[in-house]
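What's in work32.cif: mmCIF, C-alpha atoms
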data_start
loop_
_atom_site.label_atom_id
_atom_site.label_comp_id
_atom_site.auth_asym_id
_atom_site.auth_seq_id
_atom_site.Cartn_x
_atom_site.Cartn_y
_atom_site.Cartn_z
CA MET A 880 146.41 62.87 37.17
CA GLU A 881 143.98 62.27 34.29
CA CYS A 882 140.77 64.19 33.48
CA GLY A 883 138.35 61.33 34.43
CA GLU A 884 140.00 60.88 37.83
CA THR A 885 140.10 64.65 38.37
CA ARG A 886 136.38 65.15 37.60
CA GLN A 887 135.44 62.45 40.10
CA MET A 888 137.35 64.39 42.75
CA ILE A 889 135.86 67.85 42.01
CA GLN A 890 133.11 67.69 44.66
CA ASP A 891 135.44 66.29 47.31
CA HIS A 892 137.89 69.07 46.53
CA ILE A 893 135.18 71.74 46.88
CA ASP A 894 134.13 70.18 50.17
CA GLY A 895 137.77 70.17 51.36
CA LEU A 896 137.84 66.40 51.74
CA LEU A 897 140.92 65.60 49.67
CA PRO A 898 144.22 64.77 51.38
CA PRO A 899 146.81 67.56 50.96
CA ARG A 900 148.99 65.67 48.46
CA VAL A 901 146.03 64.63 46.28
CA SER A 902 144.62 68.15 46.50
CA GLU A 903 147.96 69.54 45.29
CA LYS A 904 148.02 67.21 42.27
CA PHE A 905 144.34 68.07 41.64
CA ARG A 906 145.13 71.79 41.53
CA GLU A 907 148.14 71.14 39.29
CA HIS A 908 145.87 69.34 36.84
CA LEU A 909 143.29 72.12 36.91
CA GLY A 910 146.06 74.64 36.17
CA GLY A 911 146.83 72.88 32.91
CA CYS A 912 143.35 71.62 31.90
CA ALA A 913 140.80 74.27 30.94
CA PRO A 914 137.76 71.90 30.62
CA CYS A 915 138.34 70.42 34.10
CA ALA A 916 138.93 73.92 35.55
CA SER A 917 135.68 75.11 33.92
CA GLU A 918 133.70 72.19 35.34
CA GLU A 919 135.20 72.79 38.81
CA ALA A 920 134.19 76.47 38.58
CA GLU A 921 130.64 75.54 37.51
CA LEU A 922 130.17 73.09 40.38
CA ARG A 923 131.54 75.58 42.89
CA GLY A 924 129.01 78.18 41.58
CA VAL A 925 126.15 75.68 41.97
CA GLY A 926 127.21 75.09 45.59
CA ASP A 927 127.21 78.82 46.31
CA LEU A 928 123.76 79.17 44.76
CA LEU A 929 122.42 76.29 46.87
CA ARG A 930 123.79 77.82 50.06
CA LEU A 931 122.25 81.19 49.19
CA TRP A 932 118.88 79.54 48.45
CA SER A 933 118.94 77.65 51.75
CA ALA A 934 119.67 80.88 53.64
CA VAL A 935 116.69 82.59 52.00
CA ARG A 936 114.41 79.65 52.84
CA VAL A 937 115.53 79.67 56.47
CA GLU A 938 114.85 83.40 56.69
CA GLU A 939 111.34 82.92 55.26
CA ARG A 940 110.61 80.18 57.79
CA GLU A 941 112.09 82.03 60.75
CA PRO A 942 108.79 82.45 62.73
CA GLN A 943 107.95 78.76 62.40
CA LEU A 944 111.47 77.77 63.36
CA SER A 945 111.38 80.08 66.38
CA ALA A 946 108.05 78.60 67.51
CA LEU A 947 109.42 75.10 67.03
CA TRP A 948 112.49 75.96 69.07
CA ALA A 949 110.33 77.46 71.82
CA ARG A 950 108.31 74.23 72.00
CA VAL A 951 111.47 72.17 72.09
CA GLY A 952 112.85 74.40 74.87
CA ALA A 953 109.63 74.10 76.87
CA GLY A 954 109.66 70.34 76.44
CA ILE A 955 113.25 70.15 77.67
CA GLU A 956 112.39 72.35 80.66
CA GLU A 957 109.38 70.21 81.56
CA ARG A 958 111.45 67.05 81.35
CA ARG A 959 114.01 68.66 83.59
CA LYS A 960 111.46 69.31 86.41
CA PRO A 961 108.95 66.47 86.27
CA TRP A 962 108.28 66.51 90.04
CA LEU A 963 107.41 70.20 90.29
CA VAL A 964 104.35 70.30 88.05
CA PRO A 965 102.23 67.73 89.95
CA LEU A 966 103.27 69.34 93.23
CA LEU A 967 102.14 72.75 92.04
CA ARG A 968 98.86 71.31 90.78
CA ARG A 969 98.19 69.67 94.15
CA TRP A 970 99.06 72.73 96.29
CA PHE A 971 97.92 75.46 93.92
CA TRP A 972 95.37 76.67 96.50
CA LEU A 973 98.00 77.30 99.19
CA PRO A 974 99.36 80.62 97.80
CA ALA A 975 95.78 81.78 97.19
CA ALA A 976 94.78 80.88 100.75
CA ALA A 977 97.85 82.63 102.13
CA ALA A 978 96.96 85.77 100.17
CA VAL A 979 93.38 85.66 101.50
CA ALA A 980 94.69 85.19 105.06
CA VAL A 981 96.99 88.20 104.73
CA LEU A 982 94.17 90.34 103.32
CA THR A 983 91.83 89.17 106.09
CA LEU A 984 94.34 90.12 108.75
CA LEU A 985 94.83 93.49 107.10
CA PHE A 986 91.14 94.29 107.00
CA TYR A 987 90.20 92.63 110.29
CA PRO A 988 93.20 93.26 112.51
CA LEU A 989 92.48 91.58 115.82
CA ASN A 990 94.60 93.92 117.89
CA GLY A 991 95.61 96.70 115.53
CA SER A 992 95.66 100.15 117.06
CA MET A 993 94.26 101.72 113.88
CA ALA A 994 91.60 99.11 113.15
CA PRO A 995 88.25 100.73 112.38
CA PHE A 996 85.48 100.40 114.95
CA HIS A 997 82.71 98.04 113.96
CA PRO A 998 80.10 98.23 116.74
CA LYS A 999 77.49 95.49 116.63
CA SER A 1000 75.04 97.41 118.77
CA PHE A 1001 74.41 100.74 120.47
CA ASP A 1002 72.07 99.13 122.98
CA VAL A 1003 73.40 100.28 126.37
CA THR A 1004 71.81 100.15 129.77
CA VAL A 1005 73.10 102.75 132.21
CA GLU A 1006 72.50 101.21 135.62
CA SER A 1007 74.06 104.00 137.66
CA LEU A 1008 75.62 107.35 136.92
CA GLU A 1009 77.28 109.71 139.38
CA SER A 1010 80.07 112.22 139.70
CA ASP A 1011 81.63 113.96 142.69
CA THR A 1012 82.85 117.01 140.78
CA ALA A 1013 80.91 117.41 137.54
CA THR A 1014 77.45 117.38 136.07
CA VAL A 1015 76.80 114.28 134.03
CA ALA A 1016 74.24 114.00 131.23
CA LEU A 1017 73.06 110.95 129.36
CA VAL A 1018 72.37 111.68 125.70
CA ASP A 1019 70.17 109.24 123.80
CA LYS A 1020 69.36 110.08 120.18
CA GLY A 1021 67.77 106.78 119.26
CA GLU A 1022 68.83 103.21 118.55
CA GLU A 1023 70.78 104.10 115.41
CA LEU A 1024 73.21 106.34 117.28
CA PRO A 1025 75.49 105.55 120.20
CA ARG A 1026 74.50 106.62 123.68
CA VAL A 1027 76.70 109.36 125.06
CA ILE A 1028 77.58 110.07 128.66
CA TRP A 1029 78.66 113.71 128.74
CA ILE A 1030 80.71 115.11 131.62
CA ILE A 1031 80.18 118.83 132.15
CA GLU A 1032 82.99 120.33 134.22
CA ASN A 1033 82.60 123.81 135.77
CA GLY A 1034 79.91 124.64 133.25
CA ASN A 1035 82.62 124.85 130.55
CA THR A 1036 81.27 122.42 128.03
CA MET B 496 89.05 68.96 90.32
CA PRO B 497 86.31 70.49 92.51
CA GLY B 498 87.19 68.18 95.43
CA SER B 499 90.67 69.62 95.76
CA ARG B 500 89.20 73.10 96.36
CA PHE B 501 87.48 72.07 99.60
CA PRO B 502 90.55 72.60 101.82
CA ALA B 503 90.93 76.12 100.42
CA ILE B 504 87.29 77.01 101.10
CA ALA B 505 87.44 75.51 104.59
CA PHE B 506 90.63 77.42 105.35
CA VAL B 507 89.16 80.76 104.30
CA ALA B 508 85.89 80.11 106.17
CA LEU B 509 87.84 79.22 109.32
CA ILE B 510 89.76 82.51 109.20
CA LEU B 511 86.70 84.63 108.49
CA PHE B 512 84.45 83.17 111.14
CA ALA B 513 86.84 82.10 113.88
CA HIS B 514 86.45 85.39 115.74
CA THR B 515 82.66 85.30 115.77
CA ALA B 516 82.32 82.48 118.25
CA VAL B 517 79.67 83.06 120.92
CA ALA B 518 81.15 83.85 124.33
CA SER B 519 79.86 82.41 127.56
CA PRO B 520 78.52 84.89 130.21
CA ASP B 521 81.64 84.58 132.39
CA ALA B 522 84.04 84.76 129.48
CA PRO B 523 86.75 87.42 129.61
CA VAL B 524 85.74 90.80 128.23
CA ALA B 525 87.87 92.51 125.62
CA ILE B 526 87.62 96.24 126.26
CA ASP B 527 88.60 98.59 123.47
CA VAL B 528 88.93 102.30 124.25
CA GLY B 529 89.53 104.82 121.50
CA VAL B 530 90.72 108.13 122.93
CA VAL B 531 89.55 110.86 120.59
CA VAL B 532 90.16 114.59 120.75
CA ALA B 533 87.27 116.42 119.09
CA SER B 534 87.65 120.08 118.25
CA ASN B 535 86.80 122.76 115.75
CA GLU B 536 90.45 123.13 114.72
CA GLY B 537 90.68 121.80 111.16
CA THR B 538 88.63 119.09 109.54
CA THR B 539 90.65 115.97 110.30
CA ILE B 540 88.76 112.71 110.64
CA ASP B 541 90.99 109.89 111.84
CA PRO B 542 90.94 106.93 109.41
CA ALA B 543 90.20 104.58 112.31
CA LEU B 544 86.96 106.51 112.85
CA SER B 545 85.85 106.31 109.24
CA SER B 546 83.30 103.59 110.00
CA ILE B 547 81.51 105.77 112.61
CA GLN B 548 82.28 109.28 111.37
CA ASN B 549 78.70 109.85 110.22
CA LYS B 550 77.42 108.91 113.66
CA LEU B 551 79.94 111.23 115.33
CA LYS B 552 78.83 114.07 113.07
CA SER B 553 75.21 113.31 113.92
CA MET B 554 75.95 113.41 117.63
CA PHE B 555 78.36 116.34 117.91
CA ASN B 556 79.13 119.65 116.25
CA TYR B 557 82.89 119.30 116.01
CA THR B 558 84.77 119.46 112.70
CA SER B 559 87.86 117.47 113.69
CA TYR B 560 88.08 114.03 115.31
CA ARG B 561 91.62 112.88 116.02
CA MET B 562 92.29 109.57 117.76
CA VAL B 563 95.25 110.13 120.05
CA ASP B 564 95.35 106.68 121.62
CA ARG B 565 93.81 103.26 121.36
CA LEU B 566 93.80 101.13 124.50
CA LYS B 567 92.82 97.48 124.58
CA ARG B 568 92.64 95.18 127.55
CA THR B 569 91.08 91.77 128.07
CA LEU B 570 89.73 91.42 131.60
CA SER B 571 88.10 88.59 133.51
CA VAL B 572 84.94 89.22 135.49
CA GLY B 573 85.98 91.02 138.69
CA GLU B 574 89.34 92.06 137.32
CA THR B 575 90.02 95.81 137.13
CA GLY B 576 91.97 97.36 134.29
CA ASP B 577 93.53 100.82 134.34
CA PHE B 578 93.54 102.88 131.18
CA GLY B 579 95.75 105.97 131.10
CA LEU B 580 94.11 109.02 129.55
CA PRO B 581 95.54 112.41 128.52
CA GLY B 582 95.61 115.27 131.04
CA ASN B 583 96.36 113.34 134.24
CA ARG B 584 93.15 111.40 133.78
CA SER B 585 92.57 107.70 133.95
CA MET B 586 89.80 105.21 133.48
CA ARG B 587 89.23 102.07 135.49
CA ALA B 588 86.96 99.37 134.10
CA THR B 589 85.81 96.19 135.82
CA PRO B 590 83.61 93.58 134.16
CA VAL B 591 80.88 92.48 136.57
CA PRO B 592 78.72 89.35 136.31
CA ALA B 593 76.15 89.50 133.51
CA LYS B 594 73.60 87.18 131.93
CA GLY B 595 73.39 85.86 128.39
CA ASN B 596 75.27 87.69 125.69
CA LYS B 597 75.56 90.82 127.81
CA VAL B 598 78.55 92.55 129.30
CA ARG B 599 78.34 94.70 132.40
CA LEU B 600 81.11 97.14 133.09
CA ALA B 601 81.75 99.26 136.16
CA VAL B 602 83.56 102.31 134.83
CA GLN B 603 85.24 105.07 136.80
CA ILE B 604 86.96 108.08 135.27
CA MET B 605 89.33 110.06 137.44
CA GLU B 606 91.20 113.34 137.04
CA GLY B 607 93.97 113.16 139.56
CA ASP B 608 92.14 112.34 142.79
CA ARG B 609 88.82 113.73 141.57
CA ASN B 610 86.12 111.34 140.56
CA LEU B 611 84.72 112.62 137.26
CA LEU B 612 82.37 109.74 136.63
CA SER B 613 81.27 106.48 138.16
CA THR B 614 78.87 104.38 136.18
CA THR B 615 77.81 100.83 135.56
CA LEU B 616 76.96 100.03 131.96
CA GLY B 617 75.20 97.04 130.44
CA LEU B 618 76.16 96.37 126.81
CA THR B 619 75.51 93.67 124.30
CA ARG B 620 78.80 91.94 123.44
CA GLY B 621 80.31 94.03 120.67
CA GLY B 622 78.32 97.07 121.77
CA MET B 623 79.62 100.61 122.02
CA VAL B 624 79.10 103.63 124.24
CA LEU B 625 80.68 107.08 124.18
CA VAL B 626 81.89 109.04 127.18
CA GLY B 627 82.94 112.61 126.55
CA GLY B 628 83.18 116.11 127.85
CA PRO B 629 86.49 116.64 129.68
CA SER B 630 88.37 119.45 127.96
CA HIS B 631 91.72 118.72 126.36
CA GLN B 632 93.92 121.20 124.53
CA LYS B 633 91.55 123.16 122.27
CA GLY B 634 88.86 120.51 122.23
CA VAL B 635 87.24 117.81 124.31
CA LEU B 636 88.01 114.20 125.01
CA ILE B 637 85.64 111.57 123.73
CA LEU B 638 86.17 107.97 124.78
CA ILE B 639 84.80 105.35 122.42
CA ILE B 640 84.29 102.35 124.65
CA SER B 641 83.37 98.99 123.21
CA ALA B 642 83.30 95.59 124.90
CA GLU B 643 83.36 92.22 123.21
#

Since I need it in another form, could you write the structure as structure tokens?
Amino acid sequence: MECGETRQMIQDHIDGLLPPRVSEKFREHLGGCAPCASEEAELRGVGDLLRLWSAVRVEEREPQLSALWARVGAGIEERRKPWLVPLLRRWFWLPAAAAVAVLTLLFYPLNGSMAPFHPKSFDVTVESLESDTATVALVDKGEELPRVIWIIENGNT
Amino acid sequence: MPGSRFPAIAFVALILFAHTAVASPDAPVAIDVGVVVASNEGTTIDPALSSIQNKLKSMFNYTSYRMVDRLKRTLSVGETGDFGLPGNRSMRATPVPAKGNKVRLAVQIMEGDRNLLSTTLGLTRGGMVLVGGPSHQKGVLILIISAE
């Protein structure tokens, strides 16, 4: 193998693209030719430098690359579920309405045993009042307070 | 899209106001009886009484109001409902014909065979009346009767 042919193959050799037999002859030539070996070493060093530089640049741009990848990921996800987004937009009020319904039932239980009393009025007419065994008193402390019918048994209360 | 919010608003309004419909005079009467034991043992106020605790304190001198039972029955006019009370007592309530937005209730409270009270009450729908006095444990029973 001659020097001109060898130098044309240097980059392919560094990139590992030469067939095994050609690569063997290439290495044989480099073993006996100092100028070609020097040029091969220089080119290999340039390649290493370029790779190092690229790595540094990628590291510097890492936030932008991450953001770009996030956008790409979101885009892929959106493409994957095209039917869900319009559906959610149309029925977005349903979860909110369900939450309001649950809260309403919690605060206004129709038949709950522990529901607070919410009297609308204390206006009561006592048409008749009698007892066979006790004294009964009607207590009226005004419209703002409930009327009370008090049963007094055996003078105890 | 303001138009798309209308169903949500209508839904919420329906839930909030459905139970406020005006009843006809002969409509069934929902009777709600809270059975409360009032005493001077402790200072417990039952959470279910929180909305009327100030009124209870204004009416009575007890420090503790404990609701031991809550009885609800919906009765037609002429129909009698029995409500079991502590201490071998019971209450019978019968809605009787009334006019307008009024409810009339014939109420009888018994202790065994003894008639403790017979009364006929006229209330506005949603109104409340208290019946109390019979002793129970270390306090007295107070019945919070409301009719809707």

### Message
Please find the residues of chain B near chain A - the criterion being any atom within 6 Å, counting all atoms listed in the file - and write them as a PyMOL selection string.
### Response
chain B and resi 503+543-544+565+610-618+621-628

I need the output of the PyMOL selection byres ((chain B and resi 534) around 7) for this file as a VMD selection string; which residues are they? chain B and resid 532 to 533 535 to 536 557 to 560 633 to 635

field: Best match for closeness to Lys904 of chain A among A:Ala934, A:Ala946, A:Leu982, A:Cys882, counting all atoms listed in the file
entry: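 Looking only at the distances to Lys904 of chain A, the closest residue turns out to be A:Cys882.
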
Selected residue of minimal separation from Leu570 of chain B among B:Arg609, B:Lys550, B:Arg599, B:Lys594, counting only C-alpha atoms
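Closest residue, counting only C-alpha atoms: B:Arg599.
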
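Pairwise distance (atom CA of Ser902 of chain A, atom CA of Gln890 of chain A) equals 11.7 Å.
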
Between atom CA of Ser553 of chain B and atom CA of Ser630 of chain B lies a distance of 20.2 Å

| task | Could you tell me how far atom CA of Val530 of chain B lies from atom CA of Phe555 of chain B, in Å and to one decimal? | result |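 Calculated distance between atom CA of Val530 of chain B and atom CA of Phe555 of chain B is 15.7 Å.
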
Handout entry: Output check: residues returned by the PyMOL selection byres ((chain B and resi 566) around 8), as a list in words
Key =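 Given this file, the PyMOL selection byres ((chain B and resi 566) around 8) evaluates to Ser992 of chain A; Asp527, Val528, Gly529, Val530, Asp564, Arg565, Lys567, Arg568 and Phe578 of chain B.
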
*Test item: the PyMOL selection byres ((chain B and resi 569) around 10) resolved as a count of residues only*: 16
